[in-house]
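J.: What follows is a structure written as structure tokens; I'll ask about it next.
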Amino acid sequence: MKNISFTIDGRECTSVKGENLIEAARQNGIFIPTLCHFKHLNPIGSCRVCTVKVNGRTLAGCTIDVEEGMDIEVNTPELLDARKAILEMMFVEGNHFCPSCEKSGDCKMQKLGYEMGMRFTRFPHLFVDRIVDARPERIVVNQNRCIKCKRCIEEVITTDGYKVFNFTNKGNETKVSIDYEQEAKLSDAQAEQAMHICPTGSILVKGKSFSKPFGDRQFDLGPKGKMIRLNEVKKYKTTNKKKRIATTSLAGCFGCHMSLLDIDLGILDLIELVEFNKSPITDIKKFTQRCDIGLIEGGCCNTDNIEVLREFRKNCDVLVSVGECAIWGGVPAIRNTVPLEECLKETYLNSITSEENETIIPNHEDIPKILNKVYPNREIVAIDYHIPGCPPNANHIWNVVKSILFEEEYSIAYPEFKYD
Amino acid sequence: MKRSRLLPHLWEIQNNYGYIPDHSITEISQKLNVSKIEIESVVSFYHFFHLKPTGKYIIYLNNSIISEYKGFREVKAAFEKETGCTFGVYDKNPLFTLFETSCIGLSDFEPAALINFHPFTDLTPEKVKTIINQLKSGVYPEEIANNPVSKIQYTPEYSKTVFFRNYTIGNSLKVLKNNSADEILEKISLSKLDGHGGAFFPTATKWEYCKNSNSEQKIVICNADEGEPGTFKDKSLLRNLPGLVIEGMIIAAYVTGAEKGYIYLRAEYKYLLKKLEDTLKEFEEKGFLGENIFGINNFNFSIRVVLGAGAYVCGAETALIESLEGKRGEPRVRKYFPTEYGYLGYSTIVNNVETFAKAARIIELGTDFFTNLGTEKSKGTKILSISGDVAKPGIYEVEWGITVQEILDLCQATSPYFIQISGPSGECINNKEFERKICKEDLLCGGSIMVFNKSRGVFKILRNFIQFFKTESCGACTPCRAGNQILYEKIRKFERGLCSQVDIDEVKNWGNIIKLTSRCGLGQFSTNTFIMALDKFQDYFSLKTVEVNKNLNVEFDMESATYDYDEVIKNTQH
């Protein structure tokens, strides 16, 4: 064992020869994000979220053993963006509804989203219908949340040495399947370990979810005192003395509006500084003046939502999507994996409370048409900024508004940046 | 049973039952001492293994772009009509089960299908009707199958022909007796032989790594899994000159000291298996395979043919090795070369069919023959498989350095517009680039050239390619698996006329991310063509994209978004 030296982003680092790069970087105070990597495992290199460059060549960091003189790049703009893109791909490939997920707050993938400051995904969500398998004895496998990292395949082994999970199929149909026979042999502790090593909420143990309240979960607080800079906010200079804001709720639950009212004493500043135009708060139905900021809650699930959204785009200088539904569809988009026909029939014709031939699917020229799926706002009009959360933290909303209007750099505390 | 015998064993079961029944999976898992899911995971990886019962005749219809342009849709409809079955569905029909499949190496005879792995070519709806009726009346597929010869459309003058010249069994092997392994290696090195599978890694370097390895055993593998759509050049060698390929392997074994060789033959070429095995037998009888080959002491080498089972990615060398070991064909993490850690951990060389054949010719004809042929960096000739909008599709042996225009003239292309070099993972060129030369200095070609004329839509070509990668990705890494699904949605959006410059920029950006971060070559090259096409066919794209208002920077198709609702209402009104 000898000490070797290498560089990360030009910085001299030392480690033991042959040490895994992720560990070696950590020893030198440099963080490389990982999801599939597990200390004692053979490198899997499947998630690619640890992509780095070694002597100019792009590789998964977890597959590298450090050697003397290696020139490693970790935090270049290109790599930071590529890693973020990979994480975004995971979010759009599966159906990750953080607000309704048992593992939310204890989810490593979600935490990585926070670390990388992921507010929205550049890719459109795929909304592929995936199964939730509750047949096993103790475990529930929720395919919607699986990122195919292979941790469970490599790690969850019965006492007599059999694998419990494995990939089946290939290509875009690849999924992690469970062996019922072997799963039944797992002890309670082993099953819980499986849930624990899953970096998302894909593996759950029956009766063991939602065990901790909000605030007490593993990643709720984050590093103490860590602040998140609100960068990339579109600055807007206005000559108006009193800034004007418009708000609306499309396919949302008004929870984001409730959160807006949660800014406590800030609300006193707010009424000094801004006035509300079209908004449920003022009950002004039509724009009477051009506005500086439009805050949109909810996505578009019907033709009216689209009209309202376009109206906002025309009348507001800066348009902000507030909350998960506005950003990518959120909870209403759970229906996106199911054909509209099935949704409507189940709701209006075949539900237990509807009598045969007595009910119809509501339709009239005066009521808006339901769209084939729930669309995120950015697929309809240009959106200038996204505030994640379900609902977003009041302080988060308020600081974004201030950043836009007053050209000052604001930060928010780590717990104020959330997807649930 | 050894794990490495899993694929042949599964083939046996598949052939016996028409699928892999649950009880067989249980049996195998017990024999191998693994969980059932591990066997299922292997079975479900390969396209030609089925977990549900199939009919007596399994029909695989090629869905490559060439097929698509030659009438795939009509032929597919005809199969469904005549059999009453649906593609991709296990519908319990006792006679037929239908599947689409990726390129089956018959691009010069499209649309083509395999029925119980017998080739049926140049299909039309009428032909399909006849075939299905014959099968229904009890005729065996082998009786009515076509025998598609590899049409060798062009070879250079005889003094410049490398592959398709007279062949006498054992000619190259005679040279071994009077030359040491180092001397043979030197010849390979001097003739600058590169891997002809598409990666063009220097063959001599690979062989030398293996030769110098202190691995207790060494393995020589012939990669006969040419899955790149539009490629059928290896088939022409396996069909016409199987002996030459085997000789190349024997030479490699002589150089490296390997005692075991495998030919990994794609199942799509199962109809070549018999000929290959017969040739191997002939070699054994002549003493060219077995022990003390050619009377050279301790030169022992044997070859076994292993059938793949339908997975494009197994053409990647480490995926092929995994597959040979009886696992899912997922490419390994790029940590070791196969020459360091290959099949079962032994030092292994994997070379393409054409590479072995060429190596044999180098030894037979001498280095000078080669150094005088081709360009500075690419020596000798190259076999091309040409298909698409040309009057003479087929096999072309050409000298390295030939221009695209010369090739197009040879194959009599009609108003060529979009040329795909090296298959979907290669690159596309437009009509301003026809003076480019096929060689290492300019435009490398793994063997596939697909020609599309002006009437062919670029989006359709790209959509077919992305769909191919989407289904053929091994699924192990995020950028390749998810990225190609994302790009597939994007090309669909282009097709619907909803894209603008923003989308063009996004494809470039996203494509580069997939390229940068994918785990193996499949993902890294999967987006090449799409990105290139954006620039090379700019006119096409600007014609098919829309200008959008700055703030409503998105084009939205309200009509199609409300179509479903309107339909439901229409159908539920009483």
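Please note that chains go A, B, ... in the order of the structure tokens, that every chain numbers its residues from 1, and that ligands are numbered from 1 in the order shown.
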Provide as a list in words the residues of chain B at most 6 Å from chain A, counting only C-alpha atoms.

T.: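 Therefore, the residues near the partner are Val34, Ser35, Ile37, Ser41, Ser44, Phe45, Lys470, Thr471, Glu472, Ser473, Cys474, Gly475, Ala476, Cys477, Thr478, Arg481, Ala482, Ile513, Asn551, Leu552, Asn553, Val554, Ala561, Thr562, Asp564 and Val568 of chain B.
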
J.: What does the distance from atom CA of Leu221 of chain A to atom CA of Ile397 of chain A come to in Å, to one decimal?

T.: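 Taking atom CA of Leu221 of chain A and atom CA of Ile397 of chain A, their separation equals 18.7 Å.
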
J.: Report the residues of segment 225-285 of chain B whose backbone DSSP state falls under alpha helix (DSSP H), written as a ChimeraX atom specification.

T.: /B:233-240,242-256,273-285

J.: Can you tell me, as a list of chain:residue names, what residues are no more than 6 Å from Val322 of chain A when counting only C-alpha atoms, ignoring any on the same chain fewer than 6 positions away?

T.: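 Near neighbours after the sequence-gap exclusion: A:Ile296, A:Glu297, A:Ile387.
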
J.: Quick one: residues within 8 Å of segment 105-120 of chain A, only C-alpha atoms, excluding same-chain residues fewer than 3 positions away - as a PyMOL selection string?

T.: chain A and resi 33+35+84+87-88+199-201+214+217-220+228+327-328+386-388+417-419

J.: Take atom CA of Lys515 of chain B and atom CA of Asn62 of chain B and report the distance between them in Å, one decimal.

T.: 27.0 Å

J.: Would you mind writing down, as a PyMOL selection string, each residue of segment 227-425 of chain B that DSSP on the backbone assigns to strand (DSSP E)?

T.: chain B and resi 260-265+302-307+347-352+381-388+394-399+416-421

J.: Just the selected residues (C-alpha atoms), exported as an mmCIF file, in the first residue's frame, please.

T.:
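Below is the file that was written, selection03.cif:
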data_model
loop_
_atom_site.group_PDB
_atom_site.id
_atom_site.type_symbol
_atom_site.label_atom_id
_atom_site.label_comp_id
_atom_site.auth_asym_id
_atom_site.auth_seq_id
_atom_site.Cartn_x
_atom_site.Cartn_y
_atom_site.Cartn_z
ATOM 1 C CA LYS B 260 -10.343 -23.062 -27.237
ATOM 2 C CA GLY B 261 -12.259 -21.158 -29.833
ATOM 3 C CA TYR B 262 -15.882 -20.158 -30.126
ATOM 4 C CA ILE B 263 -17.885 -18.889 -33.026
ATOM 5 C CA TYR B 264 -20.752 -16.846 -31.659
ATOM 6 C CA LEU B 265 -23.251 -17.099 -34.483
ATOM 7 C CA SER B 302 -10.737 -26.701 -31.141
ATOM 8 C CA ILE B 303 -13.720 -24.610 -32.118
ATOM 9 C CA ARG B 304 -17.310 -24.776 -31.022
ATOM 10 C CA VAL B 305 -20.206 -22.842 -32.514
ATOM 11 C CA VAL B 306 -22.565 -21.197 -30.043
ATOM 12 C CA LEU B 307 -25.852 -19.725 -31.176
ATOM 13 C CA SER B 347 -7.406 -13.699 -21.634
ATOM 14 C CA THR B 348 -9.664 -13.536 -24.651
ATOM 15 C CA ILE B 349 -9.570 -12.091 -28.113
ATOM 16 C CA VAL B 350 -12.791 -11.337 -29.884
ATOM 17 C CA ASN B 351 -12.577 -10.578 -33.579
ATOM 18 C CA ASN B 352 -15.076 -10.124 -36.300
ATOM 19 C CA THR B 381 -10.049 -4.353 -49.351
ATOM 20 C CA LYS B 382 -13.302 -4.117 -47.458
ATOM 21 C CA ILE B 383 -16.512 -6.009 -47.876
ATOM 22 C CA LEU B 384 -19.558 -3.778 -48.029
ATOM 23 C CA SER B 385 -23.174 -4.765 -47.869
ATOM 24 C CA ILE B 386 -25.216 -2.312 -49.864
ATOM 25 C CA SER B 387 -28.968 -2.012 -49.725
ATOM 26 C CA GLY B 388 -31.783 0.460 -50.181
ATOM 27 C CA GLY B 394 -25.668 -7.040 -52.411
ATOM 28 C CA ILE B 395 -22.056 -7.638 -51.499
ATOM 29 C CA TYR B 396 -19.245 -5.455 -52.801
ATOM 30 C CA GLU B 397 -15.599 -6.098 -52.185
ATOM 31 C CA VAL B 398 -13.896 -2.754 -52.698
ATOM 32 C CA GLU B 399 -10.402 -1.408 -52.223
ATOM 33 C CA PRO B 416 -29.333 9.166 -53.770
ATOM 34 C CA TYR B 417 -30.145 11.671 -51.042
ATOM 35 C CA PHE B 418 -29.432 10.240 -47.617
ATOM 36 C CA ILE B 419 -26.657 7.657 -47.275
ATOM 37 C CA GLN B 420 -26.225 5.825 -44.019
ATOM 38 C CA ILE B 421 -22.689 4.563 -43.522
#

J.: Could you list, as a ChimeraX atom specification, every residue within 6 Å of Glu110 of chain B, counting only C-alpha atoms and ignoring same-chain residues fewer than 3 positions away?

T.: /B:67,107,122

J.: Rounded to one decimal in Å, what is the spacing between atom CA of Ile25 of chain B and atom CA of Glu325 of chain B?

T.: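 So the answer is 17.3 Å.
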
J.: List as a list of chain:residue names the protein and nucleic acid residues near Pro202 of chain B, meaning an atom at most 9 Å away when only C-alpha atoms are counted, but skip any in the same chain fewer than 6 places from it.

T.: B:Ser189, B:Lys192, B:Leu193, B:Asp194, B:Gly195

J.: From the set A:Ser202, A:Asn315, A:Asn20, A:Thr76, which residue has the shortest atom-to-atom contact distance to Glu102 of chain A, counting only C-alpha atoms?

T.: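 Among the listed residues, A:Ser202 lies closest to Glu102 of chain A.
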
J.: Taking only C-alpha atoms into account, which of B:Cys439, B:Ala360, B:Leu462, B:Val502 comes nearest Thr527 of chain B?

T.: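 Residue with the minimum atom-to-atom distance to Thr527 of chain B: B:Leu462.
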
J.: Which residues are close to segment 140-148 of chain B, i.e. within 6 Å by only C-alpha atoms, leaving aside same-chain residues fewer than 4 positions away? Reply as an MDAnalysis selection string.

T.: chainID B and resid 118:120

J.: Between B:Ile58, B:Ala77, B:Leu98, B:Ile219, which residue has the minimum interatomic distance to Pro125 of chain B, considering only C-alpha atoms?

T.: B:Ala77
